[in-house]
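*Asks:* Input file: start.txt. Contents: compact mmCIF, C-alpha atoms.
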# COMPACT_ATOMS: atom_id res chain seq x y z
CA MET A 1 1.56 7.37 -30.75
CA LYS A 2 -2.17 7.84 -31.15
CA ILE A 3 -3.94 8.03 -27.80
CA GLY A 4 -7.63 7.50 -27.07
CA ILE A 5 -9.01 8.62 -23.72
CA LEU A 6 -12.18 7.30 -22.08
CA ILE A 7 -14.00 9.44 -19.52
CA SER A 8 -17.29 9.47 -17.62
CA GLY A 9 -17.01 12.74 -15.69
CA ARG A 10 -14.89 15.85 -15.33
CA GLY A 11 -11.87 14.25 -16.99
CA SER A 12 -9.15 16.04 -15.06
CA ASN A 13 -6.61 13.34 -15.85
CA MET A 14 -7.72 13.50 -19.49
CA THR A 15 -7.04 17.24 -19.48
CA ALA A 16 -3.61 16.68 -17.94
CA ILE A 17 -2.70 14.17 -20.67
CA VAL A 18 -4.04 16.37 -23.50
CA GLU A 19 -2.08 19.37 -22.23
CA ALA A 20 1.09 17.29 -21.83
CA VAL A 21 0.77 16.08 -25.42
CA GLN A 22 0.02 19.54 -26.79
CA SER A 23 2.90 21.15 -24.91
CA GLY A 24 5.36 18.55 -26.21
CA LEU A 25 5.93 16.97 -22.79
CA ILE A 26 4.76 13.68 -24.32
CA PRO A 27 6.58 13.80 -27.66
CA GLU A 28 5.50 12.37 -31.03
CA SER A 29 2.01 11.70 -29.76
CA GLU A 30 -1.50 12.83 -30.47
CA VAL A 31 -4.78 12.51 -28.58
CA ALA A 32 -6.92 11.15 -31.41
CA VAL A 33 -10.25 11.06 -29.59
CA VAL A 34 -11.93 11.46 -26.20
CA ILE A 35 -14.90 9.14 -25.71
CA SER A 36 -17.47 9.47 -22.93
CA ASP A 37 -20.20 7.01 -21.98
CA LYS A 38 -22.11 9.88 -20.36
CA THR A 39 -23.71 12.75 -22.26
CA SER A 40 -23.23 14.93 -19.19
CA ALA A 41 -19.47 14.41 -18.78
CA GLU A 42 -17.94 17.82 -18.14
CA GLY A 43 -14.68 16.62 -19.63
CA LEU A 44 -16.22 16.66 -23.13
CA ILE A 45 -16.27 20.47 -23.08
CA LYS A 46 -12.65 20.63 -21.88
CA ALA A 47 -11.57 18.27 -24.67
CA LYS A 48 -13.40 20.29 -27.34
CA GLU A 49 -11.90 23.54 -26.02
CA ARG A 50 -8.47 21.97 -26.58
CA GLY A 51 -9.34 20.99 -30.16
CA ILE A 52 -9.74 17.27 -29.50
CA GLU A 53 -12.41 15.22 -31.28
CA THR A 54 -15.03 13.98 -28.83
CA LEU A 55 -17.58 11.20 -29.05
CA ILE A 56 -20.43 10.12 -26.82
CA VAL A 57 -21.03 6.36 -26.88
CA CYS A 58 -23.81 5.55 -24.41
CA LYS A 59 -24.66 2.05 -23.33
CA ASN A 60 -28.35 2.52 -24.14
CA GLY A 61 -29.52 -0.78 -22.67
CA ARG A 62 -27.07 -2.83 -24.71
CA THR A 63 -24.83 -5.52 -23.23
CA ARG A 64 -21.35 -4.54 -22.08
CA GLU A 65 -19.95 -6.45 -25.06
CA GLU A 66 -22.12 -4.57 -27.57
CA HIS A 67 -21.29 -1.23 -25.99
CA ASP A 68 -17.58 -2.02 -25.89
CA ALA A 69 -17.66 -3.25 -29.49
CA GLU A 70 -18.78 0.19 -30.65
CA ILE A 71 -16.05 1.91 -28.62
CA ILE A 72 -13.40 -0.55 -29.87
CA GLY A 73 -14.54 0.21 -33.44
CA GLU A 74 -14.22 3.97 -32.96
CA LEU A 75 -10.76 3.60 -31.41
CA LYS A 76 -9.47 1.19 -34.08
CA MET A 77 -10.90 3.38 -36.86
CA ARG A 78 -8.69 6.23 -35.62
CA GLY A 79 -5.60 4.04 -35.27
CA VAL A 80 -5.46 4.41 -31.49
CA GLU A 81 -2.44 2.61 -30.03
CA LEU A 82 -2.85 3.48 -26.36
CA VAL A 83 -6.14 3.71 -24.47
CA CYS A 84 -6.11 5.80 -21.28
CA LEU A 85 -8.96 5.41 -18.83
CA ALA A 86 -9.51 8.67 -16.99
CA GLY A 87 -12.37 8.37 -14.55
CA TYR A 88 -14.15 5.96 -16.88
CA MET A 89 -16.72 4.35 -14.60
CA ARG A 90 -17.31 1.07 -16.42
CA LEU A 91 -15.56 -2.26 -16.26
CA LEU A 92 -14.14 -3.23 -19.63
CA SER A 93 -15.27 -6.49 -21.24
CA LYS A 94 -12.73 -9.20 -21.96
CA ASP A 95 -13.15 -8.38 -25.65
CA PHE A 96 -12.01 -4.82 -25.01
CA VAL A 97 -8.93 -5.93 -23.05
CA ARG A 98 -8.05 -8.46 -25.74
CA ALA A 99 -8.52 -5.91 -28.54
CA PHE A 100 -5.75 -3.77 -27.00
CA PRO A 101 -3.36 -6.18 -25.27
CA ASN A 102 -1.11 -4.27 -22.85
CA LYS A 103 -2.30 -1.08 -24.52
CA ILE A 104 -4.91 0.06 -21.98
CA ILE A 105 -3.87 1.90 -18.85
CA ASN A 106 -5.76 3.30 -15.87
CA ILE A 107 -5.10 5.35 -12.78
CA HIS A 108 -6.52 4.33 -9.42
CA PRO A 109 -6.56 6.48 -6.26
CA SER A 110 -4.83 4.04 -3.89
CA LEU A 111 -1.57 2.17 -3.55
CA LEU A 112 -2.70 -1.04 -5.24
CA PRO A 113 -3.22 -3.86 -4.35
CA ALA A 114 -4.75 -2.07 -1.35
CA PHE A 115 -8.26 -0.64 -1.75
CA LYS A 116 -9.37 -1.83 -5.15
CA GLY A 117 -12.72 -0.80 -6.54
CA LEU A 118 -14.97 2.13 -5.81
CA ASN A 119 -14.41 4.74 -3.11
CA ALA A 120 -10.76 3.83 -2.63
CA GLN A 121 -10.12 7.01 -0.63
CA ARG A 122 -12.99 6.21 1.75
CA GLN A 123 -11.71 2.64 2.13
CA ALA A 124 -8.26 4.03 3.05
CA ILE A 125 -9.67 6.44 5.64
CA GLU A 126 -11.84 3.74 7.20
CA TYR A 127 -8.99 1.24 7.36
CA GLY A 128 -6.85 3.85 9.05
CA VAL A 129 -3.75 3.75 6.84
CA LYS A 130 -1.16 6.47 7.32
CA LEU A 131 -0.11 6.38 3.67
CA SER A 132 -2.22 6.09 0.58
CA GLY A 133 -1.63 7.41 -2.93
CA CYS A 134 -2.25 6.53 -6.54
CA THR A 135 -1.28 3.83 -9.01
CA VAL A 136 -1.00 3.82 -12.81
CA HIS A 137 -1.39 0.29 -14.14
CA PHE A 138 -2.07 -1.70 -17.26
CA VAL A 139 -5.64 -2.95 -17.46
CA ASP A 140 -6.21 -6.68 -17.50
CA GLU A 141 -9.36 -8.72 -17.10
CA ALA A 142 -9.51 -8.41 -13.29
CA LEU A 143 -10.52 -5.27 -11.41
CA ASP A 144 -7.62 -2.89 -10.65
CA HIS A 145 -5.22 -5.79 -11.04
CA GLY A 146 -2.93 -5.31 -14.04
CA ALA A 147 0.82 -4.74 -14.01
CA ILE A 148 1.82 -1.58 -12.13
CA ILE A 149 3.63 1.17 -14.02
CA ALA A 150 4.01 3.82 -11.32
CA GLN A 151 2.89 4.66 -7.79
CA LYS A 152 3.01 7.80 -5.69
CA THR A 153 2.48 8.12 -1.95
CA VAL A 154 0.18 10.62 -0.27
CA THR A 155 0.18 11.03 3.52
CA VAL A 156 -3.19 10.55 5.23
CA LYS A 157 -3.79 13.18 7.93
CA ASP A 158 -5.74 12.68 11.14
CA GLU A 159 -8.32 15.23 10.03
CA ASP A 160 -8.72 13.86 6.50
CA THR A 161 -12.13 12.99 5.11
CA PRO A 162 -12.53 10.84 2.00
CA GLU A 163 -13.12 14.08 0.11
CA SER A 164 -10.04 15.95 1.36
CA LEU A 165 -7.86 12.91 0.76
CA ALA A 166 -9.29 12.54 -2.76
CA VAL A 167 -8.36 16.15 -3.55
CA ARG A 168 -4.75 15.66 -2.39
CA ILE A 169 -4.37 12.34 -4.22
CA LEU A 170 -5.78 13.88 -7.42
CA GLU A 171 -3.01 16.51 -7.44
CA HIS A 172 -0.50 13.67 -7.63
CA GLU A 173 -2.48 11.67 -10.19
CA HIS A 174 -1.96 14.17 -12.99
CA PRO A 175 1.86 14.24 -13.10
CA LEU A 176 2.07 10.49 -12.37
CA TYR A 177 -0.30 9.63 -15.23
CA VAL A 178 1.43 12.02 -17.65
CA GLU A 179 4.85 10.57 -16.84
CA ALA A 180 3.55 7.02 -17.33
CA VAL A 181 2.14 7.91 -20.77
CA ARG A 182 5.41 9.64 -21.67
CA ARG A 183 7.42 6.56 -20.73
CA ILE A 184 5.18 4.32 -22.84
CA ALA A 185 5.36 6.73 -25.80
CA ALA A 186 9.14 6.84 -25.48
CA GLY A 187 9.40 3.03 -25.37
CA GLU A 188 11.12 3.22 -21.99
CA ILE A 189 9.24 0.39 -20.25
CA GLU A 190 8.36 -3.23 -20.84
CA ILE A 191 6.34 -5.88 -19.04
CA VAL A 192 8.22 -8.91 -17.67
CA GLY A 193 5.82 -11.37 -16.06
CA ARG A 194 3.65 -8.92 -14.19
CA ARG A 195 6.46 -6.49 -13.39
CA VAL A 196 6.92 -3.31 -15.40
CA VAL A 197 10.61 -2.55 -15.76
CA SER A 198 12.77 -0.03 -17.57
CA VAL A 199 14.01 -1.16 -20.97
CA LYS A 200 17.75 -1.69 -20.82
CA ASN A 201 19.71 0.04 -23.57
CA MET B 1 6.54 2.39 30.90
CA LYS B 2 7.69 -1.20 31.24
CA ILE B 3 8.24 -2.85 27.88
CA GLY B 4 8.40 -6.56 27.06
CA ILE B 5 9.80 -7.66 23.73
CA LEU B 6 9.11 -11.00 22.04
CA ILE B 7 11.58 -12.36 19.50
CA SER B 8 12.24 -15.54 17.55
CA GLY B 9 15.44 -14.64 15.69
CA ARG B 10 18.11 -11.99 15.38
CA GLY B 11 15.94 -9.34 17.06
CA SER B 12 17.23 -6.31 15.19
CA ASN B 13 14.10 -4.32 15.97
CA MET B 14 14.42 -5.43 19.61
CA THR B 15 17.98 -4.09 19.67
CA ALA B 16 16.82 -0.79 18.18
CA ILE B 17 14.14 -0.40 20.87
CA VAL B 18 16.51 -1.36 23.70
CA GLU B 19 19.12 1.14 22.52
CA ALA B 20 16.50 3.88 22.13
CA VAL B 21 15.31 3.29 25.69
CA GLN B 22 18.83 3.15 27.11
CA SER B 23 19.91 6.32 25.29
CA GLY B 24 16.89 8.23 26.58
CA LEU B 25 15.27 8.57 23.15
CA ILE B 26 12.23 6.79 24.60
CA PRO B 27 11.97 8.54 27.98
CA GLU B 28 10.70 7.17 31.29
CA SER B 29 10.71 3.63 29.96
CA GLU B 30 12.47 0.38 30.67
CA VAL B 31 12.78 -2.86 28.73
CA ALA B 32 11.80 -5.28 31.50
CA VAL B 33 12.34 -8.52 29.62
CA VAL B 34 13.10 -10.03 26.22
CA ILE B 35 11.37 -13.37 25.66
CA SER B 36 12.21 -15.80 22.86
CA ASP B 37 10.31 -18.91 21.85
CA LYS B 38 13.50 -20.27 20.25
CA THR B 39 16.59 -21.34 22.16
CA SER B 40 18.67 -20.42 19.14
CA ALA B 41 17.48 -16.81 18.78
CA GLU B 42 20.56 -14.66 18.19
CA GLY B 43 18.76 -11.70 19.71
CA LEU B 44 19.05 -13.27 23.18
CA ILE B 45 22.79 -12.61 23.21
CA LYS B 46 22.31 -9.01 22.06
CA ALA B 47 19.75 -8.40 24.81
CA LYS B 48 22.02 -9.89 27.51
CA GLU B 49 24.95 -7.80 26.24
CA ARG B 50 22.79 -4.74 26.84
CA GLY B 51 21.92 -5.81 30.38
CA ILE B 52 18.34 -6.89 29.66
CA GLU B 53 16.81 -9.91 31.37
CA THR B 54 16.10 -12.68 28.86
CA LEU B 55 13.83 -15.70 29.02
CA ILE B 56 13.34 -18.64 26.73
CA VAL B 57 9.76 -19.94 26.71
CA CYS B 58 9.50 -22.78 24.21
CA LYS B 59 6.22 -24.24 23.07
CA ASN B 60 7.35 -27.80 23.84
CA GLY B 61 4.34 -29.52 22.31
CA ARG B 62 1.85 -27.52 24.34
CA THR B 63 -1.16 -25.81 22.83
CA ARG B 64 -0.84 -22.20 21.74
CA GLU B 65 -3.00 -21.20 24.71
CA GLU B 66 -0.80 -23.03 27.22
CA HIS B 67 2.34 -21.58 25.70
CA ASP B 68 0.91 -18.07 25.63
CA ALA B 69 -0.34 -18.41 29.23
CA GLU B 70 3.22 -18.91 30.42
CA ILE B 71 4.43 -15.89 28.45
CA ILE B 72 1.52 -13.75 29.71
CA GLY B 73 2.42 -14.77 33.26
CA GLU B 74 6.06 -13.77 32.84
CA LEU B 75 5.09 -10.42 31.34
CA LYS B 76 2.44 -9.63 33.97
CA MET B 77 4.79 -10.67 36.79
CA ARG B 78 7.22 -7.96 35.61
CA GLY B 79 4.52 -5.32 35.26
CA VAL B 80 4.90 -5.07 31.47
CA GLU B 81 2.60 -2.39 30.03
CA LEU B 82 3.58 -2.59 26.37
CA VAL B 83 4.44 -5.75 24.43
CA CYS B 84 6.53 -5.28 21.29
CA LEU B 85 6.71 -8.13 18.79
CA ALA B 86 10.05 -8.04 16.99
CA GLY B 87 10.31 -10.86 14.52
CA TYR B 88 8.23 -13.08 16.80
CA MET B 89 7.16 -15.86 14.45
CA ARG B 90 4.01 -17.08 16.22
CA LEU B 91 0.41 -15.97 16.00
CA LEU B 92 -0.84 -14.81 19.39
CA SER B 93 -3.86 -16.54 20.92
CA LYS B 94 -7.00 -14.56 21.64
CA ASP B 95 -6.17 -14.89 25.33
CA PHE B 96 -2.87 -13.10 24.75
CA VAL B 97 -4.48 -10.26 22.82
CA ARG B 98 -7.18 -9.90 25.48
CA ALA B 99 -4.63 -9.93 28.32
CA PHE B 100 -3.01 -6.79 26.85
CA PRO B 101 -5.79 -4.87 25.10
CA ASN B 102 -4.30 -2.26 22.76
CA LYS B 103 -0.96 -2.86 24.45
CA ILE B 104 0.67 -5.17 21.90
CA ILE B 105 2.34 -3.76 18.81
CA ASN B 106 4.08 -5.30 15.83
CA ILE B 107 6.03 -4.23 12.77
CA HIS B 108 5.34 -5.77 9.38
CA PRO B 109 7.50 -5.37 6.25
CA SER B 110 4.82 -4.08 3.87
CA LEU B 111 2.38 -1.21 3.55
CA LEU B 112 -0.57 -2.93 5.17
CA PRO B 113 -3.25 -3.94 4.25
CA ALA B 114 -1.19 -5.07 1.25
CA PHE B 115 0.87 -8.26 1.60
CA LYS B 116 -0.14 -9.63 4.99
CA GLY B 117 1.48 -12.75 6.35
CA LEU B 118 4.76 -14.42 5.62
CA ASN B 119 7.26 -13.34 2.98
CA ALA B 120 5.72 -9.91 2.52
CA GLN B 121 8.74 -8.66 0.58
CA ARG B 122 8.50 -11.59 -1.84
CA GLN B 123 4.78 -10.99 -2.25
CA ALA B 124 5.51 -7.33 -3.10
CA ILE B 125 8.18 -8.24 -5.68
CA GLU B 126 5.95 -10.84 -7.30
CA TYR B 127 2.96 -8.49 -7.46
CA GLY B 128 5.16 -5.86 -9.10
CA VAL B 129 4.45 -2.88 -6.84
CA LYS B 130 6.67 0.17 -7.25
CA LEU B 131 6.34 1.13 -3.58
CA SER B 132 6.39 -1.05 -0.52
CA GLY B 133 7.54 -0.30 3.01
CA CYS B 134 6.74 -1.12 6.60
CA THR B 135 3.89 -0.70 9.04
CA VAL B 136 3.76 -0.49 12.85
CA HIS B 137 0.35 -1.55 14.11
CA PHE B 138 -1.53 -2.63 17.19
CA VAL B 139 -2.10 -6.37 17.30
CA ASP B 140 -5.67 -7.60 17.29
CA GLU B 141 -7.08 -11.08 16.83
CA ALA B 142 -6.70 -11.10 13.03
CA LEU B 143 -3.41 -11.49 11.18
CA ASP B 144 -1.59 -8.19 10.49
CA HIS B 145 -4.88 -6.38 10.85
CA GLY B 146 -4.88 -4.08 13.90
CA ALA B 147 -5.00 -0.28 13.93
CA ILE B 148 -2.06 1.31 12.12
CA ILE B 149 0.30 3.56 14.07
CA ALA B 150 2.87 4.46 11.42
CA GLN B 151 3.94 3.57 7.90
CA LYS B 152 7.02 4.29 5.83
CA THR B 153 7.50 3.90 2.10
CA VAL B 154 10.40 2.12 0.41
CA THR B 155 10.86 2.25 -3.36
CA VAL B 156 11.03 -1.12 -5.13
CA LYS B 157 13.74 -1.17 -7.77
CA ASP B 158 13.67 -3.13 -11.04
CA GLU B 159 16.62 -5.22 -9.92
CA ASP B 160 15.31 -5.94 -6.41
CA THR B 161 15.07 -9.46 -5.09
CA PRO B 162 12.98 -10.31 -2.02
CA GLU B 163 16.25 -10.32 -0.08
CA SER B 164 17.56 -6.93 -1.26
CA LEU B 165 14.14 -5.35 -0.68
CA ALA B 166 14.00 -6.87 2.82
CA VAL B 167 17.36 -5.31 3.68
CA ARG B 168 16.24 -1.84 2.57
CA ILE B 169 12.89 -2.10 4.34
CA LEU B 170 14.60 -3.26 7.54
CA GLU B 171 16.67 -0.06 7.65
CA HIS B 172 13.42 1.88 7.83
CA GLU B 173 11.80 -0.47 10.33
CA HIS B 174 14.12 0.45 13.17
CA PRO B 175 13.49 4.22 13.35
CA LEU B 176 9.78 3.74 12.55
CA TYR B 177 9.32 1.22 15.36
CA VAL B 178 11.31 3.32 17.84
CA GLU B 179 9.29 6.43 17.06
CA ALA B 180 6.02 4.49 17.48
CA VAL B 181 7.11 3.21 20.92
CA ARG B 182 8.19 6.73 21.89
CA ARG B 183 4.81 8.17 20.93
CA ILE B 184 2.99 5.52 22.97
CA ALA B 185 5.28 6.08 25.97
CA ALA B 186 4.70 9.82 25.70
CA GLY B 187 0.92 9.39 25.52
CA GLU B 188 0.83 11.15 22.16
CA ILE B 189 -1.58 8.83 20.36
CA GLU B 190 -5.00 7.30 20.89
CA ILE B 191 -7.21 4.85 19.01
CA VAL B 192 -10.50 6.17 17.61
CA GLY B 193 -12.48 3.39 15.94
CA ARG B 194 -9.63 1.73 14.10
CA ARG B 195 -7.73 4.95 13.37
CA VAL B 196 -4.72 5.94 15.42
CA VAL B 197 -4.66 9.71 15.86
CA SER B 198 -2.59 12.27 17.73
CA VAL B 199 -3.99 13.21 21.13
CA LYS B 200 -5.21 16.80 21.02
CA ASN B 201 -3.91 19.00 23.84
Output the file's structure in the form of structure tokens.
*Replies:*
Amino acid sequence: MKIGILISGRGSNMTAIVEAVQSGLIPESEVAVVISDKTSAEGLIKAKERGIETLIVCKNGRTREEHDAEIIGELKMRGVELVCLAGYMRLLSKDFVRAFPNKIINIHPSLLPAFKGLNAQRQAIEYGVKLSGCTVHFVDEALDHGAIIAQKTVTVKDEDTPESLAVRILEHEHPLYVEAVRRIAAGEIEIVGRRVVSVKN
Amino acid sequence: MKIGILISGRGSNMTAIVEAVQSGLIPESEVAVVISDKTSAEGLIKAKERGIETLIVCKNGRTREEHDAEIIGELKMRGVELVCLAGYMRLLSKDFVRAFPNKIINIHPSLLPAFKGLNAQRQAIEYGVKLSGCTVHFVDEALDHGAIIAQKTVTVKDEDTPESLAVRILEHEHPLYVEAVRRIAAGEIEIVGRRVVSVKN
């Protein structure tokens, strides 16, 4: 399975996926390309260090559709079959979602459907929940809305700040995201309605 | 601490609280009265069997405010300091909430703020979450919205129906609700903004 990963920043989830592929934890797979929309993304260096091809595709004043069209082209050209968003800070156009139906996944730092959108950890702290966590989900045309593949709980402590909670959630994001990619690569899950269930043998 | 419990049905959380008080798990407390708005509530029998005074206060075509006024009167007359909703199927009026500020608590079968309102377990199944659970919270004037005291996760299985999920969540509701009442009785928690935190000694 050829994987393409989109980043905008440090790309820690990208690194976790690359290392899981390279160590054989995600079998019969390859990270074909890491694409950033930001020249400054620290993750680009980490990807290069691990021998992965990197590309920078900036928006440069174009429309979302034009920008996405270039990214779609680069991914298709490399035969990418699964697109992983890893801290990619742009909404995807409908064209992008339709170009890879049920083949784009994302990780979000809350227990969806709670706390969609930006600053999910701050939203959780301000609401006063006792449990938050992270969610790996398929990407559809609505924000943080697609079918849920996996979720992991993280306890919110009295003394937590959005920053301290983000750090603890991030530790759980990496193994959760890797396991979700592994299950997709292994053909272990399927989507029924909007529920993701294990394939029955 | 004198506790009043409001029910509409079987009152399994009511029974759990009564037994925790009577066994000394919730110390220096007493369940002063169990009030049902339904003549048919099975929980009434369970409360009587455990030696608790029961009252039936039906709405009888009155406004919510009139109905609530009678219940408030019965609770105040008995010196109730904490009101526990246990499957009480009516929204409280603003008057009710204001008569017992930060002294009314409820349990809801989801990880709030996800899946407020009726049929929370069905909502969770239909959304396709992998984790749901239950939440004990203070009651304010908005539906399932008040400050959160405690939450507990329950894993949603591929084969779950709303009914099977409800059964598993209910098992976790009882100890979660009891522990929340115990912490309030023991003066262990306080509300800061809309966060419930442990009182520092």
*Asks:* Take CA of Leu92 (chain A) and CA of His137 (chain A) and report the distance between them in Å, one decimal.
*Replies:*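 Pair CA of Leu92 (chain A) / CA of His137 (chain A) returns 14.3 Å.
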*Asks:* Can you list every residue of chain B that has an atom at most 9 Å from chain A, with its nearest atom pair and the distance in Å to one decimal, using all atoms listed in the file, ordered by chain then number, as JSON lines?
*Replies:*
{"residue": "B:Leu111", "atom": "CA", "partner": "A:Leu131", "partner_atom": "CA", "distance": 8.0}
{"residue": "B:Leu112", "atom": "CA", "partner": "A:Val129", "partner_atom": "CA", "distance": 7.6}
{"residue": "B:Pro113", "atom": "CA", "partner": "A:Ala114", "partner_atom": "CA", "distance": 6.1}
{"residue": "B:Ala114", "atom": "CA", "partner": "A:Ala114", "partner_atom": "CA", "distance": 5.3}
{"residue": "B:Phe115", "atom": "CA", "partner": "A:Pro113", "partner_atom": "CA", "distance": 8.5}
{"residue": "B:Ile125", "atom": "CA", "partner": "A:Arg195", "partner_atom": "CA", "distance": 8.1}
{"residue": "B:Glu126", "atom": "CA", "partner": "A:Arg195", "partner_atom": "CA", "distance": 7.5}
{"residue": "B:Tyr127", "atom": "CA", "partner": "A:Arg194", "partner_atom": "CA", "distance": 6.8}
{"residue": "B:Gly128", "atom": "CA", "partner": "A:Arg195", "partner_atom": "CA", "distance": 4.5}
{"residue": "B:Val129", "atom": "CA", "partner": "A:Ile148", "partner_atom": "CA", "distance": 6.0}
{"residue": "B:Lys130", "atom": "CA", "partner": "A:Gln151", "partner_atom": "CA", "distance": 5.9}
{"residue": "B:Leu131", "atom": "CA", "partner": "A:Gln151", "partner_atom": "CA", "distance": 6.5}
{"residue": "B:Thr135", "atom": "CA", "partner": "A:Lys130", "partner_atom": "CA", "distance": 8.9}
{"residue": "B:Ala147", "atom": "CA", "partner": "A:Gly128", "partner_atom": "CA", "distance": 6.7}
{"residue": "B:Ile148", "atom": "CA", "partner": "A:Val129", "partner_atom": "CA", "distance": 6.1}
{"residue": "B:Ile149", "atom": "CA", "partner": "A:Lys130", "partner_atom": "CA", "distance": 7.5}
{"residue": "B:Ala150", "atom": "CA", "partner": "A:Lys130", "partner_atom": "CA", "distance": 6.1}
{"residue": "B:Gln151", "atom": "CA", "partner": "A:Lys130", "partner_atom": "CA", "distance": 5.9}
{"residue": "B:Lys152", "atom": "CA", "partner": "A:Leu131", "partner_atom": "CA", "distance": 7.7}
{"residue": "B:Thr153", "atom": "CA", "partner": "A:Thr153", "partner_atom": "CA", "distance": 7.7}
{"residue": "B:Lys157", "atom": "CA", "partner": "A:Val197", "partner_atom": "CA", "distance": 8.7}
{"residue": "B:Asp158", "atom": "CA", "partner": "A:Val197", "partner_atom": "CA", "distance": 5.7}
{"residue": "B:Glu159", "atom": "CA", "partner": "A:Val197", "partner_atom": "CA", "distance": 8.8}
{"residue": "B:Gly193", "atom": "CA", "partner": "A:Glu126", "partner_atom": "CA", "distance": 8.8}
{"residue": "B:Arg194", "atom": "CA", "partner": "A:Gly128", "partner_atom": "CA", "distance": 6.1}
{"residue": "B:Arg195", "atom": "CA", "partner": "A:Gly128", "partner_atom": "CA", "distance": 4.5}
{"residue": "B:Val196", "atom": "CA", "partner": "A:Gly128", "partner_atom": "CA", "distance": 7.0}
{"residue": "B:Val197", "atom": "CA", "partner": "A:Asp158", "partner_atom": "CA", "distance": 5.7}
{"residue": "B:Ser198", "atom": "CA", "partner": "A:Asp158", "partner_atom": "CA", "distance": 7.3}
*Asks:* Would you mind telling me which residue in A:Ile104, A:Phe138, A:Ile35, A:Ser164 lies nearest to Glu70 (chain A) when using only C-alpha atoms?
*Replies:*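 The answer is A:Ile35, which sits nearest to Glu70 (chain A).
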*Asks:* Show me the residues around (9.5, 1.0, -19.9) - criterion: an atom at most 9 Å away, all atoms listed in the file counted - as a list in words.
*Replies:*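 So the residues meeting the distance criterion are Ile149, Ala180, Arg183, Ile184, Ala186, Gly187, Glu188, Ile189, Glu190, Ile191, Val196, Val197, Ser198, Val199 and Lys200 of chain A.
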*Asks:* Using CA of Val181 (chain B) and CA of His67 (chain B) as the two end points, give the distance in Å to one decimal.
*Replies:* 25.7 Å
*Asks:* Hey, can you check how far CA of Leu25 (chain B) sits from CA of Val178 (chain B)?
*Replies:*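 Computing the Euclidean distance for CA of Leu25 (chain B) and CA of Val178 (chain B) yields 8.5 Å.
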*Asks:* Near Pro101 (chain B), counting only C-alpha atoms, which residues have an atom at most 12 Å away, once you skip same-chain residues fewer than 5 positions from it, shown as a list in words?
*Replies:*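 Answer for this query is Glu81, Leu82, Val83, Lys94, Asp95, Phe96, Phe138, Val139, Asp140, Glu141, Gly146 and Ile191 of chain B.
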*Asks:* Only C-alpha atoms, please: the residues just picked out, written as a PDB file, keeping the file's coordinate frame.
*Replies:*
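The resulting selection_28.pdb:
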ATOM      1  CA  GLU B  81       2.600  -2.390  30.030  1.00  0.00           C
ATOM      2  CA  LEU B  82       3.580  -2.590  26.370  1.00  0.00           C
ATOM      3  CA  VAL B  83       4.440  -5.750  24.430  1.00  0.00           C
ATOM      4  CA  LYS B  94      -7.000 -14.560  21.640  1.00  0.00           C
ATOM      5  CA  ASP B  95      -6.170 -14.890  25.330  1.00  0.00           C
ATOM      6  CA  PHE B  96      -2.870 -13.100  24.750  1.00  0.00           C
ATOM      7  CA  PHE B 138      -1.530  -2.630  17.190  1.00  0.00           C
ATOM      8  CA  VAL B 139      -2.100  -6.370  17.300  1.00  0.00           C
ATOM      9  CA  ASP B 140      -5.670  -7.600  17.290  1.00  0.00           C
ATOM     10  CA  GLU B 141      -7.080 -11.080  16.830  1.00  0.00           C
ATOM     11  CA  GLY B 146      -4.880  -4.080  13.900  1.00  0.00           C
ATOM     12  CA  ILE B 191      -7.210   4.850  19.010  1.00  0.00           C
TER      13      ILE B 191
END
*Asks:* Pick from B:Arg78, B:His172, B:Arg90, B:His108: nearest to Glu53 (chain B), with all atoms listed in the file counted?
*Replies:* B:Arg78
*Asks:* Please provide the set of residues having any atom within 12 Å of Ala16 (chain A), restricted to only C-alpha atoms, with same-chain residues fewer than 4 positions apart removed, written as a ChimeraX atom specification.
*Replies:* /A:5,10-12,20-23,25-26,31,43,46-47,50,84,86,170-179,181
*Asks:* May I ask which of the residues A:Thr161, A:Asn13, A:Ser8, A:Thr39 is the closest one to Asn119 (chain A), counting all atoms listed in the file?
*Replies:*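 Among A:Thr161, A:Asn13, A:Ser8, A:Thr39, it is A:Thr161 that comes nearest to Asn119 (chain A).
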*Asks:* Got a sec: who's within 9 Å of Leu85 (chain A), counting all atoms listed in the file, leaving out chain neighbours fewer than 2 positions off, as a PDB file with C-alpha atoms, in the frame of the given file?
*Replies:*
ATOM      1  CA  GLY A   4      -7.630   7.500 -27.070  1.00  0.00           C
ATOM      2  CA  ILE A   5      -9.010   8.620 -23.720  1.00  0.00           C
ATOM      3  CA  LEU A   6     -12.180   7.300 -22.080  1.00  0.00           C
ATOM      4  CA  ILE A   7     -14.000   9.440 -19.520  1.00  0.00           C
ATOM      5  CA  ASN A  13      -6.610  13.340 -15.850  1.00  0.00           C
ATOM      6  CA  MET A  14      -7.720  13.500 -19.490  1.00  0.00           C
ATOM      7  CA  VAL A  83      -6.140   3.710 -24.470  1.00  0.00           C
ATOM      8  CA  GLY A  87     -12.370   8.370 -14.550  1.00  0.00           C
ATOM      9  CA  TYR A  88     -14.150   5.960 -16.880  1.00  0.00           C
ATOM     10  CA  MET A  89     -16.720   4.350 -14.600  1.00  0.00           C
ATOM     11  CA  ILE A 104      -4.910   0.060 -21.980  1.00  0.00           C
ATOM     12  CA  ILE A 105      -3.870   1.900 -18.850  1.00  0.00           C
ATOM     13  CA  ASN A 106      -5.760   3.300 -15.870  1.00  0.00           C
ATOM     14  CA  ILE A 107      -5.100   5.350 -12.780  1.00  0.00           C
TER      15      ILE A 107
END
